[in-house]
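S.K.: Can you read through this structure? Questions will come right after.
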Amino acid sequence: MIHARKLTRSFKVKGGTIEAVRGLDLDVEAGRPVAFLGPNGAGKSTSLRMLTSLLPPTSGTAVVAGVDVVTDPAGVRARIGYVGQKTSAGEEYRVRDELVTQGCCYGLTRSAARRRADETLDLLELSPLAKRTPTTLSGGQRRRLDIAMGLIHRPRLLFLDEPSTGLDPQSRADIWQHILRLREEYGTTLFLTTHYLEEADTMAERVVIVDHGRVIADGSAEKLKGDLAGDLITLRAPDEREAARAARVAARFAAPDAIETDRTTVRVRVTNAGEVLPDYLRVAESAEVEIVSAETARPTLDDVFLALTGRTLRESEQEGGDA
Ligand SMILES: Nc1ncnc2c1ncn2[C@@H]1O[C@H](COP(=O)(O)OP(=O)(O)OP(=O)(O)O)[C@@H](O)[C@H]1O
């Protein structure tokens with residue numbers, strides 16, 4: 001579905017050049033939803049705009065839905081759907097009419113476009129709003145209309161640029177339900193950008209993390225968390241002396257830089273806490289180390305980002321906020 005090689009984009013700005021995307025290599029097969037995740041300014045939108053043929057790359061190649069983005073941009077646009085950050089519907093016409101017009105722009109006959117518009121309104125639960133104008137819709141409803149606009153020609157591949165940004169948590173959850181239904185109903189391959197870690201974690205089957213225009217991790221959320229961050233075991237000792245002894249026992253199970261002691265708390269990163277903790281507790285007991293409590297936690301994607309960059313995603317958002 002997507003095959004990009006060394007895709008690069010720089011922008012000339014006053015006082016220099018911004019390298020927004022620095023050599024993107026990416027292969028996406030049909031089926032699994034992919035989340036393109038990264039802090040503000042990481043290069044997500046620029047990558048998406050190149051893959052959807054809206055922005056020519058400075059160098060590199062991309063074949064999307066079987067078509068080269070540079071030599072046949074119109075061919076790419078005919079085969080994909082794109083839901084950008086800005087709303088795509090106009091202000092004046094009714095919701096259904098907007099969709100019918102969009103369908104006609106994609107070459108459908110007027111009657112086929114009407115049929116498609118009704119099906120799409122139904123799928124996105126917009127039918128009761130068909131006669132309203134887009135300006136009267138709520139943020140979440142308007143976002144659903146944007147998705148409907150991107151879907152009218154039934155693309156096999158749909159790009160969504162931050163589909164849930166700016167919505168309240170309830171509307172975000174609702175948008176997600178609708179997005180995931182597209183895959184069930186039409187087998188649409190979804191490729192979306194987000195900076196909501198939790199969404200990428202729970203909704204996408206593959207997460208591609210970008211930072212400063214480069215891919216820094218690629219895999220299922222589970223795999224990235226297992227490989228890069230590891231599970232966290234938190235042990236509490238009654239005093240600092242026992243904590244130091246607990247840390248010494250931990251050294252039998254984890255590398256020195258995976259063990260951190262903070263007064264009476266010892267944190268240990270391991271690949272599989274479920275296996276390690278019972279063994280650890282057995283050894284600690286036979287060494288008469290007193291442990292008050294022990295708990296395990298799965299890492300988050302933010303832990304993955306931290307392990308890779310030394311920064312949390314939130315810190316990076318602040319750095320890149322005015323980029
Ligand atoms: N038209 C442009 N002219 C100059 N610089 C640009 C342009 N478009 C993007 N950039 C810069 O390129 C970098 C990447 O921007 P991009 O919008 O791709 O990031 P992003 O990861 O999508 O961020 P966000 O999450 O905030 O949308 C940023 O430093 C941005 O300021």
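So you can find residues: chains in the structure tokens are A, B, ... in the order shown, residues in each start at 1, and ligands are numbered from 1 in order.
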Using only C-alpha atoms, which residues sit within 10 Å of Val100 in chain A once same-chain residues fewer than 2 positions away are excluded, as a list in words?
M.R.: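 Here the answer would be Arg94, Val95, Arg96, Asp97, Glu98, Gln102, Gly103, Cys104, Cys105, Tyr106, Leu108, Thr109, Arg110, Ser111, Ala112, Ala113, Arg114, Arg115, Arg116, Ala117, Asp118, Met149 and Ile152 of chain A.
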S.K.: Please produce, as CSV, a per-residue contact table for chain A versus ligand 1 (criterion: any atom at most 10 Å away, only C-alpha atoms and all ligand atoms considered), showing the nearest atom pair and its distance in Å to one decimal, sorted by chain then residue number.
M.R.:
```
residue,atom,partner,partner_atom_place_in_ligand_line,distance
A:Arg9,CA,ligand 1,12 (O),8.5
A:Ser10,CA,ligand 1,12 (O),7.4
A:Phe11,CA,ligand 1,4 (C),4.9
A:Lys12,CA,ligand 1,4 (C),6.6
A:Val13,CA,ligand 1,4 (C),6.0
A:Lys14,CA,ligand 1,4 (C),9.3
A:Thr17,CA,ligand 1,5 (N),8.3
A:Ile18,CA,ligand 1,12 (O),6.1
A:Glu19,CA,ligand 1,12 (O),6.6
A:Ala20,CA,ligand 1,12 (O),4.0
A:Val21,CA,ligand 1,14 (C),7.0
A:Phe36,CA,ligand 1,21 (O),9.0
A:Leu37,CA,ligand 1,21 (O),8.0
A:Gly38,CA,ligand 1,21 (O),6.0
A:Pro39,CA,ligand 1,25 (O),5.8
A:Asn40,CA,ligand 1,26 (O),3.5
A:Gly41,CA,ligand 1,19 (O),3.4
A:Ala42,CA,ligand 1,21 (O),3.7
A:Gly43,CA,ligand 1,18 (O),3.2
A:Lys44,CA,ligand 1,21 (O),3.8
A:Ser45,CA,ligand 1,22 (O),3.6
A:Thr46,CA,ligand 1,18 (O),3.7
A:Ser47,CA,ligand 1,18 (O),6.3
A:Leu48,CA,ligand 1,18 (O),7.9
A:Arg49,CA,ligand 1,18 (O),8.4
A:Met50,CA,ligand 1,18 (O),9.9
A:Leu55,CA,ligand 1,1 (N),9.5
A:Gln85,CA,ligand 1,27 (O),8.2
A:Asp161,CA,ligand 1,22 (O),8.1
A:Glu162,CA,ligand 1,27 (O),7.7
A:Thr165,CA,ligand 1,25 (O),9.5
A:Thr193,CA,ligand 1,22 (O),7.7
A:Thr194,CA,ligand 1,25 (O),7.1
A:His195,CA,ligand 1,25 (O),6.3
A:Tyr196,CA,ligand 1,25 (O),9.9
A:Val210,CA,ligand 1,21 (O),7.8
A:Asp211,CA,ligand 1,21 (O),7.9
A:His212,CA,ligand 1,14 (C),7.7
A:Gly213,CA,ligand 1,14 (C),7.0
A:Glu317,CA,ligand 1,26 (O),8.2
A:Gly320,CA,ligand 1,29 (O),7.3
A:Gly321,CA,ligand 1,26 (O),7.0
A:Asp322,CA,ligand 1,31 (O),7.8
A:Ala323,CA,ligand 1,31 (O),4.4
```
S.K.: Restricting the calculation to only C-alpha atoms, which member of A:Arg183, A:Lys86, A:Arg172, A:Lys131 is positioned closest to Arg32 in chain A?
M.R.: A:Arg183
S.K.: Just list the residues in range 67-222 of chain A DSSP gives helix (DSSP H, G or I) on the backbone, as a VMD selection string.
M.R.: chain A and resid 73 to 79 95 to 105 110 to 123 127 to 129 134 to 136 139 to 151 169 to 186 197 to 203 221 to 222
S.K.: As a ChimeraX atom specification, which residues of range 199-266 of chain A does DSSP assign to strand (DSSP E or B)?
M.R.: /A:206-211,214-219,231-236,259-262,265-266
S.K.: Write the residues of the preceding selection, restricted to C-alpha atoms, as a PDB file, in the first residue's frame.
M.R.:
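Contents of selection12.pdb, as written:
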```pdb
ATOM      1  CA  ARG A 206       1.485  -0.818  14.318  1.00  0.00           C
ATOM      2  CA  VAL A 207       3.095   2.304  15.740  1.00  0.00           C
ATOM      3  CA  VAL A 208       5.768   4.252  13.866  1.00  0.00           C
ATOM      4  CA  ILE A 209       7.434   6.815  16.140  1.00  0.00           C
ATOM      5  CA  VAL A 210       9.092   9.832  14.521  1.00  0.00           C
ATOM      6  CA  ASP A 211      11.299  12.467  16.065  1.00  0.00           C
ATOM      7  CA  ARG A 214      13.322  10.473  11.412  1.00  0.00           C
ATOM      8  CA  VAL A 215      11.671   7.156  12.262  1.00  0.00           C
ATOM      9  CA  ILE A 216      13.068   6.083  15.625  1.00  0.00           C
ATOM     10  CA  ALA A 217      10.875   3.030  16.310  1.00  0.00           C
ATOM     11  CA  ASP A 218       8.485   0.851  14.348  1.00  0.00           C
ATOM     12  CA  GLY A 219       6.430  -2.141  15.521  1.00  0.00           C
ATOM     13  CA  ASP A 231       8.259  -3.886  32.422  1.00  0.00           C
ATOM     14  CA  LEU A 232       8.765  -1.994  35.653  1.00  0.00           C
ATOM     15  CA  ILE A 233       8.971  -3.766  39.015  1.00  0.00           C
ATOM     16  CA  THR A 234       8.593  -1.405  41.972  1.00  0.00           C
ATOM     17  CA  LEU A 235       9.778  -2.772  45.324  1.00  0.00           C
ATOM     18  CA  ARG A 236       9.284  -1.015  48.628  1.00  0.00           C
ATOM     19  CA  ILE A 259      17.984  -0.578  38.618  1.00  0.00           C
ATOM     20  CA  GLU A 260      17.200   2.695  40.338  1.00  0.00           C
ATOM     21  CA  THR A 261      16.972   3.252  44.078  1.00  0.00           C
ATOM     22  CA  ASP A 262      15.108   6.185  45.554  1.00  0.00           C
ATOM     23  CA  THR A 265      11.881   2.358  46.733  1.00  0.00           C
ATOM     24  CA  VAL A 266      13.720   0.233  44.186  1.00  0.00           C
TER      25      VAL A 266
END
```
S.K.: Would you pick out the contacts of Leu151 in chain A at 10 Å or less, using only C-alpha atoms, so that residues sharing its chain but fewer than 4 positions from it are not included, and give the list as a list of chain:residue names?
M.R.: A:Ile80, A:Gly81, A:Tyr82, A:Val83, A:Leu99, A:Gln102, A:Gly103, A:Arg116, A:Ala117, A:Thr120, A:Leu145, A:Asp146, A:Ile147, A:Pro155, A:Arg156, A:Leu157, A:Leu158, A:Leu182, A:Thr188
S.K.: Could you write those residues out with C-alpha atoms, as an mmCIF file, in the first residue's frame?
M.R.:
```cif
data_model
loop_
_atom_site.group_PDB
_atom_site.id
_atom_site.type_symbol
_atom_site.label_atom_id
_atom_site.label_comp_id
_atom_site.auth_asym_id
_atom_site.auth_seq_id
_atom_site.Cartn_x
_atom_site.Cartn_y
_atom_site.Cartn_z
ATOM 1 C CA ILE A 80 -6.618 7.254 -1.556
ATOM 2 C CA GLY A 81 -8.663 9.220 0.950
ATOM 3 C CA TYR A 82 -7.163 12.060 2.953
ATOM 4 C CA VAL A 83 -8.607 13.742 6.001
ATOM 5 C CA LEU A 99 -20.933 14.800 0.074
ATOM 6 C CA GLN A 102 -17.473 15.534 -3.431
ATOM 7 C CA GLY A 103 -18.603 12.218 -4.971
ATOM 8 C CA ARG A 116 -22.800 6.776 -1.789
ATOM 9 C CA ALA A 117 -23.518 9.896 0.257
ATOM 10 C CA THR A 120 -21.561 7.141 4.099
ATOM 11 C CA LEU A 145 -18.213 14.783 8.156
ATOM 12 C CA ASP A 146 -14.533 15.330 7.240
ATOM 13 C CA ILE A 147 -14.033 11.576 7.391
ATOM 14 C CA PRO A 155 -10.550 4.388 -1.078
ATOM 15 C CA ARG A 156 -8.719 1.267 0.047
ATOM 16 C CA LEU A 157 -6.245 3.465 1.900
ATOM 17 C CA LEU A 158 -7.297 6.352 4.134
ATOM 18 C CA LEU A 182 -14.256 1.567 8.369
ATOM 19 C CA THR A 188 -9.930 0.219 4.549
#
```
S.K.: Neighbours of range 278-288 of chain A within 8 Å (only C-alpha atoms; same-chain residues fewer than 2 positions away dropped), as a PyMOL selection string?
M.R.: chain A and resi 246+249-250+253+274-276+290-291
S.K.: Excluding Leu51 in chain A and any residue of its chain fewer than 3 positions from it, enumerate the residues within 9 Å of it, using only C-alpha atoms, and give them as a list in words.
M.R.: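 The neighbour list is Ile2, Ala4, Thr46, Ser47, Leu48, Leu54, Leu55, Pro56, Pro57, Ala62, Val63, Val64, Val69, Val76 and Phe159 of chain A.
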S.K.: So that I can check the surroundings of Val28 in chain A, please list as number ranges by chain every protein, DNA and RNA residue that reaches within 7 Å of it, counting only C-alpha atoms and ignoring chain neighbours fewer than 2 positions away.
M.R.: A: 1-3, 26, 30
S.K.: Could the residues in this selection be written to a file with C-alpha atoms, as a PDB file, in the first residue's frame?
M.R.:
```
ATOM      1  CA  MET A   1       0.000   0.000   0.000  1.00  0.00           C
ATOM      2  CA  ILE A   2       2.807   2.441   0.893  1.00  0.00           C
ATOM      3  CA  HIS A   3       6.449   2.061  -0.101  1.00  0.00           C
ATOM      4  CA  LEU A  26       8.370   2.947   5.180  1.00  0.00           C
ATOM      5  CA  ALA A  30      -2.931  -3.637   3.447  1.00  0.00           C
TER       6      ALA A  30
END
```
S.K.: Please measure the separation of CA of Pro163 in chain A and CA of Thr87 in chain A, giving the value in Å to one decimal.
M.R.: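 If I compute the distance from CA of Pro163 in chain A to CA of Thr87 in chain A, I get 10.4 Å.
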S.K.: At what distance in Å, to one decimal, does CA of Glu29 in chain A lie from CA of Ser53 in chain A?
M.R.: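 Going from CA of Ser53 in chain A over to CA of Glu29 in chain A, I get 18.6 Å.
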S.K.: Which residue gives the smallest distance to Glu222 in chain A among A:Arg252, A:Arg298, A:Arg181, A:Arg241, with only C-alpha atoms counted?
M.R.: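 Distance minimum relative to Glu222 in chain A lands on A:Arg298.
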S.K.: Between CA of Arg132 in chain A and CA of Leu192 in chain A, what is the spacing in Å?
M.R.: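 Distance reported for this atom pair: 28.0 Å.
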S.K.: What's the 9 Å shell around Gly90 in chain A, counting only C-alpha atoms, without same-chain residues fewer than 5 positions away, as a PyMOL selection string?
M.R.: chain A and resi 98+133-135
S.K.: Measuring between only C-alpha atoms, which one of A:Ser138, A:Leu197, A:Ser220, A:Val292 shows the shortest distance to Thr312 in chain A?
M.R.: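 Residue with the minimum atom-to-atom distance to Thr312 in chain A: A:Leu197.
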